[in-house]
Amino acid sequence: APFDVFLAADQHRPKLLHQQGFGDAPRTYATGRLVLWSPDPHLIEGGDILRREKIPRLAVANPKTAPYGFAAQQVLQSLGLAGKLRSRLVRGENIAQTYQFVATGNAGLGFVALSQVFNIKSGSSWQPPQSMYDPIHQDALLLTRGQNKPAARAFFEFLFSAETVERATEFYEI
């Protein structure tokens, strides 16, 4: 594809591209944080919502293709609820679709990226402890076709600048 910089939600794909000679060594630009979120300001009061007898549909990203979905699955397993909640799950193909399910009301709550709801002033949320899921390291790769392009190189370096890192730590671990 005609791209100069590749930003991934995981580490696997950039590593493969590098191994196949499509770019420099990948660098981690963020470690995402998972959050259980609902637009309903009264629905979530900690992780106990998941243990209730009746809960709304729960949106999660596909754990086979989406790092946030895999993390959500780990949280549910950590809580011993993966089997119990299986019939309540609405599966998004990626974290963007999962967020849309919750934002549009097609699911009452869902595991989404903290960065997706960071600036939303309404709703309720719970951040599972990091000990419940593997870190969601997200890597960037300067692709071969962008290595001699000043704008691509400048953008890539901007991702790792002190200013960017400082601002990003509000909703990512760097």
# chains A, B, ... in the order shown; residues from 1 in each chain; ligands from 1
call {"tool": "select_by_dssp", "arguments": {"residues": "chain A", "states": "strand (DSSP E or B)", "output": "ChimeraX atom specification"}}
result
/A:5-7,23,27-32,34-38,58-61,89-92,109-113,124-126,136-143,173
call {"tool": "select_by_dssp", "arguments": {"residues": "stretch 70-172 of chain A", "states": "alpha helix (DSSP H)", "output": "JSON, numbers by chain"}}
result
{"A": [70, 71, 72, 73, 74, 75, 76, 77, 78, 95, 96, 97, 98, 99, 100, 101, 102, 103, 114, 115, 116, 117, 150, 151, 152, 153, 154, 155, 156, 157, 158, 159, 162, 163, 164, 165, 166, 167, 168]}
call {"tool": "atom_distance", "arguments": {"atom1": "atom CA of A:Phe118", "atom2": "atom CA of A:Glu45"}}
result
17.2 Å
call {"tool": "closest_atom_pairs", "arguments": {"of": "stretch 60-151 of chain A", "to": "stretch 11-31 of chain A", "cutoff": "9 Å", "atoms": "only C-alpha atoms", "output": "tab-separated table"}}
result
residue	atom	partner	partner_atom	distance
A:Pro135	CA	A:Thr31	CA	6.5
A:Ile136	CA	A:Thr31	CA	5.1
A:His137	CA	A:Thr31	CA	4.3
A:Gln138	CA	A:Ala30	CA	5.3
A:Asp139	CA	A:Thr28	CA	4.1
A:Ala140	CA	A:Arg27	CA	5.4
A:Leu141	CA	A:Pro26	CA	4.7
A:Leu142	CA	A:Gly23	CA	5.6
A:Leu143	CA	A:Gly23	CA	4.0
A:Thr144	CA	A:Gly23	CA	4.5
A:Arg145	CA	A:Gly23	CA	8.0
A:Gly146	CA	A:Gly23	CA	8.6
A:Gln147	CA	A:Gly23	CA	8.1
call {"tool": "residues_around", "arguments": {"residues": "stretch 75-85 of chain A", "least_positions_apart": "6", "cutoff": "8 Å", "atoms": "only C-alpha atoms", "output": "list in words"}}
result
Leu50, Arg51, Pro128, Met132 and Tyr133 of chain A
call {"tool": "atom_distance", "arguments": {"atom1": "atom CA of A:Phe6", "atom2": "atom CA of A:Gly32"}}
result
16.7 Å
call {"tool": "closest_residue", "arguments": {"among": "A:Gln127, A:Ala162, A:Ala113, A:Gly108", "to": "A:Pro56", "atoms": "only C-alpha atoms"}}
result
A:Gly108
call {"tool": "decode", "arguments": {"residues": "stretch 62-145 of chain A", "atoms": "C-alpha atoms", "output": "tab-separated table (two decimals), in the first residue's frame"}}
result
chain	number	residue	atom	x	y	z
A	62	ASN	CA	-12.79	-9.66	18.35
A	63	PRO	CA	-10.02	-11.16	20.54
A	64	LYS	CA	-8.50	-12.97	17.54
A	65	THR	CA	-7.83	-9.79	15.58
A	66	ALA	CA	-7.98	-6.86	18.03
A	67	PRO	CA	-5.56	-6.37	20.93
A	68	TYR	CA	-8.24	-4.62	23.01
A	69	GLY	CA	-10.57	-7.56	22.45
A	70	PHE	CA	-7.89	-9.96	23.64
A	71	ALA	CA	-7.37	-7.79	26.73
A	72	ALA	CA	-11.14	-7.72	27.40
A	73	GLN	CA	-11.22	-11.50	27.17
A	74	GLN	CA	-8.37	-11.70	29.69
A	75	VAL	CA	-10.28	-9.42	32.09
A	76	LEU	CA	-13.41	-11.55	31.83
A	77	GLN	CA	-11.35	-14.70	32.42
A	78	SER	CA	-9.59	-13.05	35.36
A	79	LEU	CA	-12.99	-12.29	36.89
A	80	GLY	CA	-14.21	-15.82	36.16
A	81	LEU	CA	-17.02	-14.45	33.98
A	82	ALA	CA	-16.03	-15.40	30.42
A	83	GLY	CA	-18.48	-18.30	30.20
A	84	LYS	CA	-21.29	-16.63	32.12
A	85	LEU	CA	-21.33	-13.51	29.91
A	86	ARG	CA	-20.85	-15.24	26.55
A	87	SER	CA	-24.55	-14.88	25.63
A	88	ARG	CA	-24.49	-11.14	26.43
A	89	LEU	CA	-21.52	-10.34	24.15
A	90	VAL	CA	-21.75	-8.21	21.03
A	91	ARG	CA	-18.55	-8.62	19.05
A	92	GLY	CA	-16.99	-5.78	17.08
A	93	GLU	CA	-14.42	-6.52	14.41
A	94	ASN	CA	-12.15	-3.84	15.85
A	95	ILE	CA	-12.07	-1.39	18.73
A	96	ALA	CA	-13.66	1.40	16.65
A	97	GLN	CA	-16.70	-0.72	15.82
A	98	THR	CA	-16.91	-1.87	19.44
A	99	TYR	CA	-17.00	1.74	20.60
A	100	GLN	CA	-19.73	2.49	18.04
A	101	PHE	CA	-21.89	-0.34	19.41
A	102	VAL	CA	-21.81	1.28	22.84
A	103	ALA	CA	-22.03	4.91	21.71
A	104	THR	CA	-25.11	4.19	19.58
A	105	GLY	CA	-26.87	2.16	22.26
A	106	ASN	CA	-26.66	-1.17	20.44
A	107	ALA	CA	-24.78	-2.39	23.51
A	108	GLY	CA	-25.30	-0.95	26.99
A	109	LEU	CA	-21.62	-1.08	27.89
A	110	GLY	CA	-18.38	-2.27	26.41
A	111	PHE	CA	-14.66	-2.70	26.76
A	112	VAL	CA	-13.11	0.10	24.71
A	113	ALA	CA	-9.84	2.01	24.57
A	114	LEU	CA	-9.49	4.70	27.21
A	115	SER	CA	-8.34	7.07	24.46
A	116	GLN	CA	-11.78	6.74	22.82
A	117	VAL	CA	-13.69	8.01	25.86
A	118	PHE	CA	-11.06	10.14	27.57
A	119	ASN	CA	-12.71	13.46	26.68
A	120	ILE	CA	-16.32	12.32	27.04
A	121	LYS	CA	-17.71	14.08	30.08
A	122	SER	CA	-20.84	11.94	30.48
A	123	GLY	CA	-21.25	8.25	31.10
A	124	SER	CA	-19.65	5.91	33.58
A	125	SER	CA	-16.58	3.73	33.46
A	126	TRP	CA	-14.27	1.31	35.23
A	127	GLN	CA	-10.61	0.73	34.43
A	128	PRO	CA	-9.64	-2.86	35.13
A	129	PRO	CA	-6.33	-3.17	36.96
A	130	GLN	CA	-3.40	-3.72	34.60
A	131	SER	CA	-2.74	-6.99	36.41
A	132	MET	CA	-5.89	-8.43	34.77
A	133	TYR	CA	-4.61	-8.15	31.18
A	134	ASP	CA	-1.40	-8.11	29.21
A	135	PRO	CA	-0.12	-4.64	28.29
A	136	ILE	CA	-1.40	-3.42	24.92
A	137	HIS	CA	1.86	-2.24	23.38
A	138	GLN	CA	1.31	-0.34	20.14
A	139	ASP	CA	4.18	-0.02	17.68
A	140	ALA	CA	4.99	2.31	14.82
A	141	LEU	CA	7.16	1.58	11.83
A	142	LEU	CA	8.79	3.98	9.37
A	143	LEU	CA	8.25	2.08	6.15
A	144	THR	CA	10.97	1.81	3.53
A	145	ARG	CA	9.10	4.02	1.07
